[in-house]
$ cat target23.cif   # mmCIF, C-alpha atoms
data_model
#
loop_
_atom_site.label_atom_id
_atom_site.label_comp_id
_atom_site.auth_asym_id
_atom_site.auth_seq_id
_atom_site.Cartn_x
_atom_site.Cartn_y
_atom_site.Cartn_z
CA MET A 1 130.59 81.55 105.67
CA ARG A 2 128.82 80.20 108.72
CA ARG A 3 126.69 81.84 111.34
CA ALA A 4 125.45 80.30 114.55
CA ASP A 5 121.99 79.95 112.98
CA GLY A 6 122.75 79.20 109.34
CA LYS A 7 125.15 78.61 106.48
CA MET A 8 125.76 80.98 103.58
CA LEU A 9 124.60 79.80 100.16
CA ARG A 10 127.21 80.47 97.49
CA HIS A 11 125.42 79.19 94.39
CA THR A 12 121.97 80.73 94.49
CA ASP A 13 120.33 82.13 91.36
CA PRO A 14 122.34 85.22 90.27
CA MET A 15 119.12 87.23 90.17
CA TYR A 16 118.64 86.75 93.92
CA ARG A 17 122.22 87.66 94.70
CA ILE A 18 121.69 90.92 92.79
CA VAL A 19 118.30 91.58 94.40
CA ALA A 20 119.88 91.40 97.86
CA HIS A 21 122.08 94.34 96.86
CA VAL A 22 119.27 96.33 95.28
CA MET A 23 116.86 95.80 98.18
CA LYS A 24 119.18 95.94 101.17
CA LYS A 25 116.46 95.87 103.84
CA ARG A 26 113.54 93.55 104.45
CA SER A 27 111.30 96.59 104.61
CA ASP A 28 112.28 97.15 100.95
CA SER A 29 111.35 93.63 99.90
CA MET A 30 108.12 92.76 101.69
CA ASN A 31 105.38 91.07 99.68
CA SER A 32 101.98 90.49 101.29
CA ILE A 33 99.12 88.08 100.60
CA THR A 34 96.04 86.79 102.39
CA ILE A 35 95.50 83.05 102.58
CA ASN A 36 91.90 82.13 103.36
CA ILE A 37 92.00 78.86 105.28
CA PRO A 38 88.73 76.85 105.24
CA LEU A 39 87.74 76.35 108.88
CA GLU A 40 85.40 73.39 108.54
CA PRO A 41 88.12 70.72 108.02
CA ILE A 42 90.21 72.13 110.88
CA GLU A 43 87.30 72.34 113.32
CA LYS A 44 86.14 68.85 112.36
CA TYR A 45 89.65 67.54 113.07
CA ILE A 46 89.80 69.39 116.41
CA ARG A 47 86.42 67.86 117.41
CA GLU A 48 87.67 64.38 116.52
CA LYS A 49 90.79 64.86 118.65
CA LYS A 50 88.62 66.08 121.54
CA LYS A 51 86.58 62.88 121.39
CA GLU A 52 89.86 60.99 121.69
CA GLY A 53 90.70 63.02 124.80
CA ARG A 54 93.34 65.04 122.98
CA THR A 55 93.53 68.84 123.00
CA MET A 56 94.24 70.45 119.64
CA SER A 57 94.38 74.15 118.78
CA HIS A 58 93.99 76.04 115.53
CA MET A 59 97.50 77.41 116.09
CA ALA A 60 98.96 73.91 116.25
CA VAL A 61 97.28 72.93 112.98
CA ILE A 62 98.63 76.01 111.18
CA LEU A 63 102.17 75.71 112.57
CA ALA A 64 102.30 71.96 111.91
CA ALA A 65 101.23 72.58 108.30
CA TYR A 66 103.87 75.28 107.88
CA ASN A 67 106.54 73.11 109.50
CA ARG A 68 105.74 70.28 107.09
CA THR A 69 105.77 72.71 104.18
CA ILE A 70 109.30 73.80 105.11
CA CYS A 71 110.34 70.13 104.94
CA GLU A 72 109.22 70.09 101.30
CA PHE A 73 110.13 73.68 100.39
CA PRO A 74 113.33 74.37 102.37
CA ALA A 75 114.00 77.74 100.72
CA LEU A 76 111.24 79.12 102.96
CA ASN A 77 113.78 78.78 105.76
CA ARG A 78 116.36 81.06 104.15
CA PHE A 79 117.27 84.53 105.35
CA ILE A 80 119.34 87.52 104.25
CA VAL A 81 122.05 89.21 106.32
CA ASN A 82 124.51 91.76 104.94
CA LYS A 83 123.30 91.09 101.37
CA ARG A 84 124.16 87.39 101.67
CA VAL A 85 121.70 84.48 101.46
CA TYR A 86 121.77 81.88 104.26
CA SER A 87 120.06 78.57 104.86
CA ARG A 88 118.82 78.37 108.44
CA ASN A 89 119.91 75.31 110.41
CA GLU A 90 116.82 75.26 112.67
CA ILE A 91 113.09 75.88 112.55
CA ALA A 92 112.13 78.55 115.07
CA VAL A 93 108.85 80.44 115.29
CA GLY A 94 108.49 83.73 117.17
CA MET A 95 105.23 83.97 119.12
CA VAL A 96 103.53 86.47 121.41
CA VAL A 97 101.97 85.19 124.64
CA LEU A 98 99.54 87.15 126.80
CA ARG A 99 100.52 87.17 130.45
CA ALA A 100 98.02 85.85 132.97
CA GLY A 101 95.75 88.48 134.51
CA ALA A 102 93.79 91.42 133.17
CA THR A 103 96.66 93.82 132.45
CA GLY A 104 97.06 92.84 128.80
CA ALA A 105 100.81 92.43 129.31
CA GLU A 106 102.63 90.43 126.66
CA THR A 107 105.88 88.61 126.26
CA MET A 108 107.51 87.28 123.13
CA GLY A 109 109.81 84.36 122.67
CA LYS A 110 110.19 81.53 120.23
CA ILE A 111 109.31 77.91 119.90
CA TYR A 112 111.60 75.41 118.21
CA LEU A 113 110.15 72.79 115.89
CA GLN A 114 111.84 69.72 114.47
CA PRO A 115 111.39 68.70 110.82
CA GLU A 116 110.11 65.27 111.88
CA ASP A 117 107.48 66.69 114.26
CA THR A 118 103.90 65.49 113.82
CA ILE A 119 100.91 67.70 114.53
CA LEU A 120 100.66 66.08 117.97
CA ASP A 121 104.27 67.01 118.72
CA VAL A 122 103.61 70.61 117.65
CA GLU A 123 100.59 70.87 119.95
CA ASP A 124 102.68 69.56 122.87
CA ARG A 125 105.43 72.09 122.14
CA ILE A 126 102.92 74.96 121.99
CA GLN A 127 101.28 74.00 125.27
CA LYS A 128 104.65 73.83 127.01
CA TYR A 129 105.74 77.14 125.47
CA VAL A 130 102.57 78.93 126.59
CA ALA A 131 102.74 77.45 130.09
CA ASP A 132 106.40 78.45 130.46
CA ASN A 133 105.81 82.02 129.29
CA ARG A 134 102.40 82.94 130.72
CA ASP A 135 103.58 83.23 134.34
CA VAL A 136 103.40 86.90 135.34
CA GLU A 137 106.29 86.57 137.77
CA GLY A 138 108.59 84.62 135.47
CA GLU A 139 110.99 85.95 132.84
CA ASN A 140 112.01 84.20 129.66
CA ALA A 141 115.35 84.72 127.91
CA THR A 142 113.91 87.51 125.75
CA ASP A 143 112.58 89.38 128.79
CA LYS A 144 115.99 89.17 130.47
CA ILE A 145 117.86 90.59 127.47
CA ILE A 146 115.37 93.46 127.10
CA LYS A 147 115.57 94.20 130.82
CA THR A 148 119.38 94.25 130.64
CA LEU A 149 119.44 96.60 127.62
CA VAL A 150 116.90 99.00 129.10
CA GLY A 151 118.85 98.97 132.36
CA LEU A 152 121.92 100.48 130.69
CA PRO A 153 121.52 104.18 131.54
CA GLY A 154 122.31 106.31 128.49
CA LEU A 155 123.78 103.35 126.63
CA LEU A 156 120.68 101.70 125.15
CA ARG A 157 121.21 103.18 121.68
CA VAL A 158 124.89 102.21 121.71
CA ALA A 159 124.15 98.69 122.93
CA VAL A 160 121.52 98.09 120.23
CA SER A 161 123.85 99.49 117.57
CA ILE A 162 126.59 97.11 118.70
CA LEU A 163 124.20 94.14 118.54
CA LYS A 164 123.15 95.13 115.01
CA TRP A 165 126.78 95.47 113.94
CA MET A 166 127.65 92.07 115.40
CA ASP A 167 124.69 90.47 113.66
CA TRP A 168 125.65 92.13 110.36
CA HIS A 169 129.15 90.63 110.63
CA ASN A 170 128.10 87.17 111.91
CA LEU A 171 129.55 87.81 115.36
CA LEU A 172 126.35 87.58 117.40
CA PRO A 173 126.74 84.83 120.05
CA LYS A 174 124.46 81.80 119.83
CA ALA A 175 123.06 82.58 123.29
CA ILE A 176 121.75 85.94 122.09
CA ILE A 177 120.39 84.46 118.85
CA ASP A 178 118.56 81.81 120.88
CA ALA A 179 116.98 84.49 123.07
CA SER A 180 116.18 86.89 120.24
CA PRO A 181 112.59 86.86 118.86
CA PHE A 182 113.96 88.59 115.74
CA HIS A 183 116.04 85.58 114.66
CA VAL A 184 113.34 83.13 113.59
CA SER A 185 112.07 81.23 110.57
CA ALA A 186 108.71 82.97 110.94
CA VAL A 187 106.72 85.19 113.29
CA PHE A 188 103.21 83.96 114.07
CA THR A 189 100.48 85.84 115.89
CA ASN A 190 96.88 84.76 116.45
CA LEU A 191 94.84 87.95 116.57
CA ALA A 192 91.60 85.97 116.50
CA SER A 193 92.30 85.13 120.15
CA ILE A 194 91.73 88.82 120.99
CA ARG A 195 88.86 89.17 118.47
CA THR A 196 90.85 91.24 116.00
CA ASN A 197 91.05 91.12 112.21
CA HIS A 198 94.17 89.76 110.56
CA ILE A 199 97.01 92.15 109.70
CA TYR A 200 100.16 92.11 107.60
CA HIS A 201 102.80 91.89 110.29
CA HIS A 202 106.12 93.45 109.32
CA VAL A 203 109.29 91.39 109.04
CA TYR A 204 112.08 93.07 110.97
CA ASP A 205 115.14 94.68 109.40
CA PHE A 206 117.10 93.52 112.45
CA GLY A 207 117.54 89.78 112.74
CA THR A 208 116.67 87.07 110.24
CA THR A 209 112.87 86.83 110.03
CA SER A 210 111.81 86.14 106.44
CA VAL A 211 108.11 85.32 106.92
CA ALA A 212 105.40 86.73 109.20
CA MET A 213 101.91 85.27 109.58
CA ALA A 214 98.93 86.77 111.41
CA ALA A 215 95.60 84.97 111.79
CA GLY A 216 92.49 87.06 112.39
CA ASN A 217 88.75 86.83 112.95
CA ALA A 218 86.93 84.20 110.90
CA ARG A 219 84.96 85.48 107.93
CA GLU A 220 82.81 84.16 105.10
CA ILE A 221 84.35 84.03 101.62
CA PRO A 222 82.05 83.67 98.56
CA ARG A 223 82.80 80.83 96.14
CA ARG A 224 81.07 80.07 92.84
CA LEU A 225 80.23 76.42 92.16
CA ARG A 226 80.31 74.90 88.68
CA THR A 227 76.53 75.11 88.66
CA GLY A 228 76.78 78.86 89.01
CA GLU A 229 75.50 78.82 92.59
CA ILE A 230 77.44 80.99 95.06
CA VAL A 231 78.19 79.53 98.47
CA HIS A 232 79.98 81.10 101.43
CA ASP A 233 82.86 79.27 103.11
CA LYS A 234 83.78 80.12 106.69
CA CYS A 235 87.51 80.84 106.56
CA LEU A 236 90.32 81.89 108.84
CA PRO A 237 92.25 84.67 107.06
CA LEU A 238 96.01 84.45 107.39
CA GLY A 239 97.95 87.60 106.53
CA VAL A 240 101.38 86.56 105.23
CA VAL A 241 104.36 88.86 104.67
CA MET A 242 107.42 87.48 102.86
CA ASP A 243 110.94 88.62 102.14
CA GLU A 244 110.89 88.17 98.37
CA ARG A 245 114.68 87.99 98.21
CA ILE A 246 114.80 84.38 99.49
CA ALA A 247 112.72 82.72 96.76
CA SER A 248 110.68 83.37 93.62
CA GLY A 249 107.00 84.22 93.62
CA TYR A 250 106.29 80.88 91.95
CA TYR A 251 108.12 79.06 94.75
CA PHE A 252 106.14 80.88 97.44
CA ALA A 253 102.84 80.27 95.64
CA THR A 254 103.54 76.55 95.20
CA ALA A 255 104.62 76.21 98.83
CA PHE A 256 101.50 77.89 100.20
CA ARG A 257 99.24 75.81 97.94
CA ARG A 258 100.85 72.74 99.49
CA MET A 259 100.32 74.19 102.97
CA LYS A 260 96.60 74.65 102.22
CA GLU A 261 96.38 70.96 101.23
CA TYR A 262 97.58 70.02 104.70
CA LEU A 263 95.15 72.46 106.30
CA LYS A 264 92.27 70.86 104.38
CA ASN A 265 93.25 67.47 105.81
CA PRO A 266 95.22 67.90 109.07
CA ALA A 267 95.23 64.12 109.65
CA LEU A 268 98.01 63.97 107.04
CA LEU A 269 100.26 65.59 109.64
CA GLU A 270 99.86 62.84 112.23
CA GLU A 271 102.73 60.88 110.70
CA PRO A 272 106.33 62.16 110.34
CA PRO A 273 107.28 63.35 106.84
CA GLU A 274 108.33 60.65 104.41
CA LYS A 275 111.21 62.80 103.24
CA ILE A 276 112.88 65.95 104.53
CA LEU A 277 114.50 67.96 101.75
CA GLU A 278 117.65 69.99 102.21
CA ASP A 279 118.08 73.39 100.64
CA PRO A 280 119.06 72.61 97.03
CA GLU A 281 121.87 75.18 97.16
CA LEU A 282 123.62 73.65 100.19
#
$ encode --input "target23.cif" --output "structure tokens"
Amino acid sequence: MRRADGKMLRHTDPMYRIVAHVMKKRSDSMNSITINIPLEPIEKYIREKKKEGRTMSHMAVILAAYNRTICEFPALNRFIVNKRVYSRNEIAVGMVVLRAGATGAETMGKIYLQPEDTILDVEDRIQKYVADNRDVEGENATDKIIKTLVGLPGLLRVAVSILKWMDWHNLLPKAIIDASPFHVSAVFTNLASIRTNHIYHHVYDFGTTSVAMAAGNAREIPRRLRTGEIVHDKCLPLGVVMDERIASGYYFATAFRRMKEYLKNPALLEEPPEKILEDPEL
């Protein structure tokens, strides 16, 4: 059974087909972890790019590492709708952008990544996304849908209920899915940019978000050396929330270990992936 944003998997592990019936909502099945990302390799890489005249952000490094991880661990890009498991046919990341000015206004949309993207491609996509969405006067597709729904006097609850029903039955038009920040591979928010600690951002019951990541203020993490000496590493904490119905704990753990390898050496992401794996159940 196809949706505009994915294809149903018919041969997944029986345990996960049962789990989707036991835990019907994402709010039932959220697992949370903190990944402490060493900052020194990332900041060294950013300084090297600056010397080359190239802008590079922490956000680009993290998203490029996650994008590459999806290429190697495609089950990260699964989602659950109506107790069925789907493989997403795109990589989309929901992101919040602060509007220009001092009002603190925000907008949310999503950025599309391609499996073959390098870290340089990801940085270019982020810069364009931020520039397109930071204009106070402009409206993105998400803003327009919200404005339309709110503008329905007395019908907002009905309209939202209809959208949820359509999504539940795979009838939501592609145009709405494209504009919806709730239909994404992952939600990413950088709270360090507003000097705030990391959080565990919820994954929404509406839509298809299976992973949420929130970076927060840098902090020092103690580490014991083999000599017994304790050193403190400056790290960027990343709060990660996962829908455990899409993959096993071992799969998630292995995937995030691989992601940390890329974050320790971002230069590995300057070349396209050697191989892009498909979901094994497709």
$ resolve_selection --input "target23.cif" --expression "the PyMOL selection byres ((chain A and resi 204) around 12)" --output "NGL selection string"
:A and (25-30 or 79-81 or 94 or 164 or 180-187 or 201-203 or 205-212 or 241-243)
$ resolve_selection --input "target23.cif" --expression "the PyMOL selection byres ((chain A and resi 270-278) around 6)" --output "ChimeraX atom specification"
/A:71-72,116,118-119,267-269,279-280
$ resolve_selection --input "target23.cif" --expression "the PyMOL selection byres ((chain A and resi 110-113) around 12)" --output "NGL selection string"
:A and (60 or 63-68 or 70-71 or 89-97 or 107-109 or 114-130 or 132-133 or 140-143 or 177-189 or 209)
$ axis_aligned_box --input "target23.cif" --around "segment 156-174 of chain A" --padding-each-side "3 Å" --output "lines of an AutoDock Vina configuration file"
center_x = 125.1
center_y = 92.5
center_z = 117.8
size_x = 14.9
size_y = 27.4
size_z = 20.8
$ atom_distance --input "target23.cif" --atom1 "atom CA of Ala247 of chain A" --atom2 "atom CA of Asn265 of chain A"
26.3 Å
$ residues_around --input "target23.cif" --residues "Leu9 of chain A" --least-positions-apart "5" --cutoff "12 Å" --atoms "only C-alpha atoms" --output "VMD selection string"
chain A and resid 1 to 3 14 16 to 17 75 78 to 81 83 to 88 246 279 to 282
$ residues_around --input "target23.cif" --residues "Ile194 of chain A" --least-positions-apart "4" --cutoff "9 Å" --atoms "only C-alpha atoms" --output "number ranges by chain"
A: 190, 216-217
$ closest_residue --input "target23.cif" --among "A:Arg223, A:Ser248, A:Ile230, A:Pro74" --to "Asp13 of chain A" --atoms "all atoms listed in the file"
A:Ser248
$ atom_distance --input "target23.cif" --atom1 "atom CA of Thr55 of chain A" --atom2 "atom CA of Pro38 of chain A"
20.1 Å
$ atom_distance --input "target23.cif" --atom1 "atom CA of Tyr251 of chain A" --atom2 "atom CA of Asn31 of chain A"
13.3 Å
$ residues_around --input "target23.cif" --residues "Lys44 of chain A" --least-positions-apart "4" --cutoff "12 Å" --atoms "all atoms listed in the file" --output "PDB file with C-alpha atoms, in the frame of the given file"
ATOM      1  CA  PRO A  38      88.730  76.850 105.240  1.00  0.00           C
ATOM      2  CA  LEU A  39      87.740  76.350 108.880  1.00  0.00           C
ATOM      3  CA  GLU A  40      85.400  73.390 108.540  1.00  0.00           C
ATOM      4  CA  GLU A  48      87.670  64.380 116.520  1.00  0.00           C
ATOM      5  CA  LYS A  49      90.790  64.860 118.650  1.00  0.00           C
ATOM      6  CA  LYS A  50      88.620  66.080 121.540  1.00  0.00           C
ATOM      7  CA  LYS A  51      86.580  62.880 121.390  1.00  0.00           C
ATOM      8  CA  MET A  56      94.240  70.450 119.640  1.00  0.00           C
ATOM      9  CA  SER A  57      94.380  74.150 118.780  1.00  0.00           C
ATOM     10  CA  HIS A  58      93.990  76.040 115.530  1.00  0.00           C
ATOM     11  CA  VAL A  61      97.280  72.930 112.980  1.00  0.00           C
ATOM     12  CA  LEU A 263      95.150  72.460 106.300  1.00  0.00           C
ATOM     13  CA  LYS A 264      92.270  70.860 104.380  1.00  0.00           C
ATOM     14  CA  ASN A 265      93.250  67.470 105.810  1.00  0.00           C
ATOM     15  CA  PRO A 266      95.220  67.900 109.070  1.00  0.00           C
ATOM     16  CA  ALA A 267      95.230  64.120 109.650  1.00  0.00           C
TER      17      ALA A 267
END
